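Notes follow the structure.
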Amino acid sequence: KGLTPRHAMKKDLIRSYIAGIILLMMVVLASLEDYLGYSIFVMALVASALLIITQCLTVDEALGAIKRNVIFAIVATYGLGNAMQNTGVSAMIARALVAFGAKLGSIGMLILLYICTAVLSCLVSNQATVILLWPVVVEIVEGGGFEGELGYGQFAIVLMMGASTAFATPIGFQTNLMVYGPGNYAFEDFLKMGGALTAFLAVCGGVLTNFIIKS
């Protein structure tokens with residue numbers, strides 16, 4: 001009681017600037033991976049070390065920021081992804097998507113994958129969604145159904161965007177549940193508004209990805 005809040009102290013005001021500079025440097029250097037040869041993972045480790053060295057955060061705070069449950073979920077999902085690939089399930093799904101998507105063209109294929117990803121993301125975590133569907137993408141690309149039109153680049157972008165579009169159910173993401181009760185929303189409210197927003201973003205994402213992102 002009566003103590004000056006830490007963020008108002010001069011030394012921590014300086015550290016806030018240091019933290020911002022470190023973050024900016026990490027993003028800039030990671031974007032130059034092709035020239036420097038260091039991945040964003042390496043840059044993130046270096047940035048974390050610098051934040052600890054400059055006392056912007058403590059070792060305990062750094063370790064506490066690691067979400068172990070998320071890491072375990074991702075690791076476990078890799079097993080499911082490999083199982084889908086080894087048993088031929090991903091190939092079967094890929095053939096079904098290509099058979100239907102071929103009638104819609106490259107843009108239609110991206111929109112279709114976006115919607116499938118968004119639907120799955122409403123049921124499981126976005127990390128798990130990407131890991132589960134990536135083997136399907138591999139089968140689509142290597143199958144040659146859209147050779148010369150679509151490649152890993154476009155599909156990766158669509159997967160990332162679709163996995164973050166968990167609007168159609170209240171259980172899709174933590175923030176959905178946070179507003180579910182206080183806002184007196186019903187499950188169908190998410191289906192109506194979230195479904196419409198998902199469809200709109202799927203079309204925008206598919207069109208823009210097709211023309212902007214290179215394979």
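A note on labels: chains of the structure tokens are A, B, ... as shown, every chain counts residues from 1, and ligands are counted from 1 in their shown order.
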Query raised in the report: So which bits of stretch 28-177 of chain A end up helix (DSSP H, G or I) when you DSSP the backbone, as a VMD selection string?
Result: chain A and resid 28 to 31 33 to 36 40 to 53 59 to 64 68 to 86 89 to 101 105 to 121 126 to 143 152 to 163 174 to 177
Query raised in the report: Which residues come within 10 Å of stretch 22-30 of chain A, counting only C-alpha atoms, excluding same-chain residues fewer than 5 positions away, as a PyMOL selection string?
Result: chain A and resi 16-17+35-48+50-51
List the neighbours of A:Val158 out to 12 Å using only C-alpha atoms; skip same-chain residues closer than 2 positions along the sequence, and give me the result as a PDB file with N, CA, C and O atoms, in the first residue's frame.
ATOM      1  N   ILE A 107      -9.873 -21.031 -56.861  1.00  0.00           N
ATOM      2  CA  ILE A 107     -10.447 -20.172 -55.832  1.00  0.00           C
ATOM      3  C   ILE A 107     -11.475 -20.947 -55.019  1.00  0.00           C
ATOM      4  O   ILE A 107     -11.507 -20.874 -53.788  1.00  0.00           O
ATOM      5  N   GLY A 108     -12.301 -21.714 -55.692  1.00  0.00           N
ATOM      6  CA  GLY A 108     -13.299 -22.521 -55.001  1.00  0.00           C
ATOM      7  C   GLY A 108     -12.665 -23.550 -54.085  1.00  0.00           C
ATOM      8  O   GLY A 108     -13.182 -23.824 -52.999  1.00  0.00           O
ATOM      9  N   MET A 109     -11.532 -24.116 -54.511  1.00  0.00           N
ATOM     10  CA  MET A 109     -10.825 -25.092 -53.675  1.00  0.00           C
ATOM     11  C   MET A 109     -10.319 -24.445 -52.398  1.00  0.00           C
ATOM     12  O   MET A 109     -10.419 -25.028 -51.310  1.00  0.00           O
ATOM     13  N   LEU A 110      -9.780 -23.241 -52.511  1.00  0.00           N
ATOM     14  CA  LEU A 110      -9.283 -22.528 -51.328  1.00  0.00           C
ATOM     15  C   LEU A 110     -10.432 -22.168 -50.383  1.00  0.00           C
ATOM     16  O   LEU A 110     -10.301 -22.287 -49.160  1.00  0.00           O
ATOM     17  N   ILE A 111     -11.547 -21.747 -50.952  1.00  0.00           N
ATOM     18  CA  ILE A 111     -12.717 -21.412 -50.129  1.00  0.00           C
ATOM     19  C   ILE A 111     -13.234 -22.656 -49.421  1.00  0.00           C
ATOM     20  O   ILE A 111     -13.578 -22.624 -48.230  1.00  0.00           O
ATOM     21  N   LEU A 112     -13.273 -23.768 -50.140  1.00  0.00           N
ATOM     22  CA  LEU A 112     -13.752 -25.028 -49.568  1.00  0.00           C
ATOM     23  C   LEU A 112     -12.863 -25.469 -48.407  1.00  0.00           C
ATOM     24  O   LEU A 112     -13.364 -25.859 -47.340  1.00  0.00           O
ATOM     25  N   LEU A 113     -11.544 -25.388 -48.601  1.00  0.00           N
ATOM     26  CA  LEU A 113     -10.618 -25.774 -47.538  1.00  0.00           C
ATOM     27  C   LEU A 113     -10.735 -24.822 -46.350  1.00  0.00           C
ATOM     28  O   LEU A 113     -10.666 -25.250 -45.191  1.00  0.00           O
ATOM     29  N   TYR A 114     -10.923 -23.534 -46.626  1.00  0.00           N
ATOM     30  CA  TYR A 114     -11.095 -22.539 -45.564  1.00  0.00           C
ATOM     31  C   TYR A 114     -12.308 -22.905 -44.695  1.00  0.00           C
ATOM     32  O   TYR A 114     -12.223 -22.897 -43.454  1.00  0.00           O
ATOM     33  N   ILE A 115     -13.426 -23.223 -45.337  1.00  0.00           N
ATOM     34  CA  ILE A 115     -14.649 -23.545 -44.599  1.00  0.00           C
ATOM     35  C   ILE A 115     -14.470 -24.827 -43.791  1.00  0.00           C
ATOM     36  O   ILE A 115     -14.875 -24.902 -42.619  1.00  0.00           O
ATOM     37  N   CYS A 116     -13.848 -25.844 -44.395  1.00  0.00           N
ATOM     38  CA  CYS A 116     -13.609 -27.099 -43.671  1.00  0.00           C
ATOM     39  C   CYS A 116     -12.732 -26.868 -42.450  1.00  0.00           C
ATOM     40  O   CYS A 116     -12.975 -27.425 -41.369  1.00  0.00           O
ATOM     41  N   THR A 117     -11.708 -26.041 -42.621  1.00  0.00           N
ATOM     42  CA  THR A 117     -10.810 -25.728 -41.515  1.00  0.00           C
ATOM     43  C   THR A 117     -11.535 -24.968 -40.416  1.00  0.00           C
ATOM     44  O   THR A 117     -11.373 -25.255 -39.227  1.00  0.00           O
ATOM     45  N   ALA A 118     -12.346 -23.989 -40.815  1.00  0.00           N
ATOM     46  CA  ALA A 118     -13.094 -23.185 -39.837  1.00  0.00           C
ATOM     47  C   ALA A 118     -14.082 -24.043 -39.057  1.00  0.00           C
ATOM     48  O   ALA A 118     -14.238 -23.870 -37.845  1.00  0.00           O
ATOM     49  N   VAL A 130      -4.893 -27.310 -37.569  1.00  0.00           N
ATOM     50  CA  VAL A 130      -3.843 -27.186 -38.590  1.00  0.00           C
ATOM     51  C   VAL A 130      -3.043 -28.475 -38.704  1.00  0.00           C
ATOM     52  O   VAL A 130      -2.754 -28.956 -39.813  1.00  0.00           O
ATOM     53  N   LEU A 133      -5.131 -31.211 -40.464  1.00  0.00           N
ATOM     54  CA  LEU A 133      -5.444 -30.988 -41.873  1.00  0.00           C
ATOM     55  C   LEU A 133      -4.222 -30.832 -42.755  1.00  0.00           C
ATOM     56  O   LEU A 133      -4.331 -30.907 -43.984  1.00  0.00           O
ATOM     57  N   TRP A 134      -3.053 -30.618 -42.159  1.00  0.00           N
ATOM     58  CA  TRP A 134      -1.854 -30.448 -42.989  1.00  0.00           C
ATOM     59  C   TRP A 134      -1.552 -31.690 -43.839  1.00  0.00           C
ATOM     60  O   TRP A 134      -1.210 -31.549 -45.024  1.00  0.00           O
ATOM     61  N   VAL A 137      -3.534 -31.435 -46.908  1.00  0.00           N
ATOM     62  CA  VAL A 137      -2.959 -30.467 -47.851  1.00  0.00           C
ATOM     63  C   VAL A 137      -1.805 -31.103 -48.625  1.00  0.00           C
ATOM     64  O   VAL A 137      -1.681 -30.929 -49.848  1.00  0.00           O
ATOM     65  N   LEU A 150      -2.143 -24.073 -57.607  1.00  0.00           N
ATOM     66  CA  LEU A 150      -2.060 -23.916 -56.153  1.00  0.00           C
ATOM     67  C   LEU A 150      -0.877 -24.712 -55.614  1.00  0.00           C
ATOM     68  O   LEU A 150      -0.544 -25.772 -56.129  1.00  0.00           O
ATOM     69  N   GLY A 151      -0.266 -24.166 -54.558  1.00  0.00           N
ATOM     70  CA  GLY A 151       0.850 -24.850 -53.922  1.00  0.00           C
ATOM     71  C   GLY A 151       0.766 -24.740 -52.414  1.00  0.00           C
ATOM     72  O   GLY A 151      -0.249 -24.288 -51.860  1.00  0.00           O
ATOM     73  N   TYR A 152       1.835 -25.148 -51.756  1.00  0.00           N
ATOM     74  CA  TYR A 152       1.842 -25.143 -50.295  1.00  0.00           C
ATOM     75  C   TYR A 152       1.604 -23.748 -49.720  1.00  0.00           C
ATOM     76  O   TYR A 152       0.987 -23.604 -48.665  1.00  0.00           O
ATOM     77  N   GLY A 153       2.110 -22.718 -50.400  1.00  0.00           N
ATOM     78  CA  GLY A 153       1.978 -21.351 -49.888  1.00  0.00           C
ATOM     79  C   GLY A 153       0.535 -20.937 -49.694  1.00  0.00           C
ATOM     80  O   GLY A 153       0.147 -20.464 -48.616  1.00  0.00           O
ATOM     81  N   GLN A 154      -0.281 -21.111 -50.747  1.00  0.00           N
ATOM     82  CA  GLN A 154      -1.693 -20.720 -50.646  1.00  0.00           C
ATOM     83  C   GLN A 154      -2.448 -21.553 -49.610  1.00  0.00           C
ATOM     84  O   GLN A 154      -3.216 -21.027 -48.810  1.00  0.00           O
ATOM     85  N   PHE A 155      -2.211 -22.863 -49.635  1.00  0.00           N
ATOM     86  CA  PHE A 155      -2.921 -23.731 -48.698  1.00  0.00           C
ATOM     87  C   PHE A 155      -2.535 -23.430 -47.245  1.00  0.00           C
ATOM     88  O   PHE A 155      -3.378 -23.494 -46.348  1.00  0.00           O
ATOM     89  N   ALA A 156      -1.267 -23.112 -46.999  1.00  0.00           N
ATOM     90  CA  ALA A 156      -0.817 -22.808 -45.641  1.00  0.00           C
ATOM     91  C   ALA A 156      -1.505 -21.554 -45.110  1.00  0.00           C
ATOM     92  O   ALA A 156      -1.945 -21.508 -43.953  1.00  0.00           O
ATOM     93  N   MET A 160      -4.129 -21.353 -41.901  1.00  0.00           N
ATOM     94  CA  MET A 160      -3.914 -20.467 -40.753  1.00  0.00           C
ATOM     95  C   MET A 160      -5.117 -19.555 -40.522  1.00  0.00           C
ATOM     96  O   MET A 160      -5.568 -19.372 -39.391  1.00  0.00           O
ATOM     97  N   MET A 161      -5.645 -18.985 -41.603  1.00  0.00           N
ATOM     98  CA  MET A 161      -6.789 -18.084 -41.454  1.00  0.00           C
ATOM     99  C   MET A 161      -8.041 -18.851 -41.039  1.00  0.00           C
ATOM    100  O   MET A 161      -8.788 -18.421 -40.153  1.00  0.00           O
ATOM    101  N   GLY A 162      -8.272 -19.995 -41.684  1.00  0.00           N
ATOM    102  CA  GLY A 162      -9.453 -20.779 -41.362  1.00  0.00           C
ATOM    103  C   GLY A 162      -9.447 -21.289 -39.936  1.00  0.00           C
ATOM    104  O   GLY A 162     -10.482 -21.315 -39.262  1.00  0.00           O
ATOM    105  N   ALA A 163      -8.259 -21.683 -39.453  1.00  0.00           N
ATOM    106  CA  ALA A 163      -8.153 -22.202 -38.091  1.00  0.00           C
ATOM    107  C   ALA A 163      -8.427 -21.124 -37.052  1.00  0.00           C
ATOM    108  O   ALA A 163      -8.771 -21.438 -35.903  1.00  0.00           O
ATOM    109  N   SER A 164      -8.273 -19.870 -37.445  1.00  0.00           N
ATOM    110  CA  SER A 164      -8.532 -18.764 -36.515  1.00  0.00           C
ATOM    111  C   SER A 164      -9.943 -18.203 -36.659  1.00  0.00           C
ATOM    112  O   SER A 164     -10.286 -17.213 -36.018  1.00  0.00           O
ATOM    113  N   THR A 165     -10.744 -18.840 -37.508  1.00  0.00           N
ATOM    114  CA  THR A 165     -12.103 -18.358 -37.745  1.00  0.00           C
ATOM    115  C   THR A 165     -13.091 -19.257 -37.009  1.00  0.00           C
ATOM    116  O   THR A 165     -13.944 -19.902 -37.618  1.00  0.00           O
ATOM    117  N   LEU A 201     -15.598 -14.308 -44.800  1.00  0.00           N
ATOM    118  CA  LEU A 201     -14.141 -14.342 -44.718  1.00  0.00           C
ATOM    119  C   LEU A 201     -13.559 -15.444 -45.588  1.00  0.00           C
ATOM    120  O   LEU A 201     -12.455 -15.306 -46.128  1.00  0.00           O
ATOM    121  N   ALA A 202     -14.290 -16.554 -45.721  1.00  0.00           N
ATOM    122  CA  ALA A 202     -13.823 -17.647 -46.572  1.00  0.00           C
ATOM    123  C   ALA A 202     -13.713 -17.194 -48.026  1.00  0.00           C
ATOM    124  O   ALA A 202     -12.721 -17.490 -48.708  1.00  0.00           O
ATOM    125  N   VAL A 203     -14.717 -16.468 -48.481  1.00  0.00           N
ATOM    126  CA  VAL A 203     -14.693 -15.961 -49.864  1.00  0.00           C
ATOM    127  C   VAL A 203     -13.566 -14.948 -50.047  1.00  0.00           C
ATOM    128  O   VAL A 203     -12.784 -15.027 -51.001  1.00  0.00           O
ATOM    129  N   CYS A 204     -13.482 -13.992 -49.111  1.00  0.00           N
ATOM    130  CA  CYS A 204     -12.421 -12.978 -49.194  1.00  0.00           C
ATOM    131  C   CYS A 204     -11.042 -13.624 -49.119  1.00  0.00           C
ATOM    132  O   CYS A 204     -10.145 -13.299 -49.901  1.00  0.00           O
ATOM    133  N   GLY A 205     -10.878 -14.537 -48.159  1.00  0.00           N
ATOM    134  CA  GLY A 205      -9.591 -15.198 -47.986  1.00  0.00           C
ATOM    135  C   GLY A 205      -9.203 -16.031 -49.188  1.00  0.00           C
ATOM    136  O   GLY A 205      -8.044 -16.016 -49.624  1.00  0.00           O
ATOM    137  N   GLY A 206     -10.161 -16.765 -49.752  1.00  0.00           N
ATOM    138  CA  GLY A 206      -9.868 -17.591 -50.918  1.00  0.00           C
ATOM    139  C   GLY A 206      -9.467 -16.770 -52.126  1.00  0.00           C
ATOM    140  O   GLY A 206      -8.485 -17.078 -52.814  1.00  0.00           O
ATOM    141  N   VAL A 207     -10.212 -15.705 -52.394  1.00  0.00           N
ATOM    142  CA  VAL A 207      -9.927 -14.851 -53.559  1.00  0.00           C
ATOM    143  C   VAL A 207      -8.584 -14.154 -53.407  1.00  0.00           C
ATOM    144  O   VAL A 207      -7.739 -14.175 -54.319  1.00  0.00           O
ATOM    145  N   LEU A 208      -8.365 -13.509 -52.264  1.00  0.00           N
ATOM    146  CA  LEU A 208      -7.130 -12.758 -52.056  1.00  0.00           C
ATOM    147  C   LEU A 208      -5.904 -13.678 -52.037  1.00  0.00           C
ATOM    148  O   LEU A 208      -4.862 -13.350 -52.604  1.00  0.00           O
ATOM    149  N   THR A 209      -6.035 -14.830 -51.387  1.00  0.00           N
ATOM    150  CA  THR A 209      -4.915 -15.772 -51.328  1.00  0.00           C
ATOM    151  C   THR A 209      -4.557 -16.270 -52.716  1.00  0.00           C
ATOM    152  O   THR A 209      -3.368 -16.405 -53.063  1.00  0.00           O
ATOM    153  N   ASN A 210      -5.543 -16.536 -53.525  1.00  0.00           N
ATOM    154  CA  ASN A 210      -5.304 -17.041 -54.874  1.00  0.00           C
ATOM    155  C   ASN A 210      -4.502 -16.054 -55.721  1.00  0.00           C
ATOM    156  O   ASN A 210      -3.634 -16.463 -56.503  1.00  0.00           O
ATOM    157  N   ILE A 213      -0.893 -14.518 -52.890  1.00  0.00           N
ATOM    158  CA  ILE A 213       0.125 -15.428 -52.372  1.00  0.00           C
ATOM    159  C   ILE A 213       0.650 -16.330 -53.480  1.00  0.00           C
ATOM    160  O   ILE A 213      -0.118 -16.913 -54.239  1.00  0.00           O
TER     161      ILE A 213
END
Report task. Tell me which protein, DNA and RNA residues are within 6 Å of stretch 84-100 of chain A, counting only C-alpha atoms, leaving out same-chain ones fewer than 5 positions away, and put them as a list of chain:residue names. Result -> A:Pro135, A:Val136, A:Glu139, A:Ile140
Requested in this report: May I have the residues within 12 Å of A:Phe187 as a VMD selection string, using only C-alpha atoms and disregarding those fewer than 5 positions away in the same chain?
Outcome: chain A and resid 167 to 172 176 to 177 179 to 181 192 to 195
Report task. Counting only C-alpha atoms, figure out which residue out of A:Ile66, A:Ile18, A:Ala83, A:Ile157 gets nearest to A:Thr54. Result -> A:Ile18
Query raised in the report: What gap, in Å, lies between atom CA of A:Thr198 and atom CA of A:Ala166?
Result: 8.0 Å
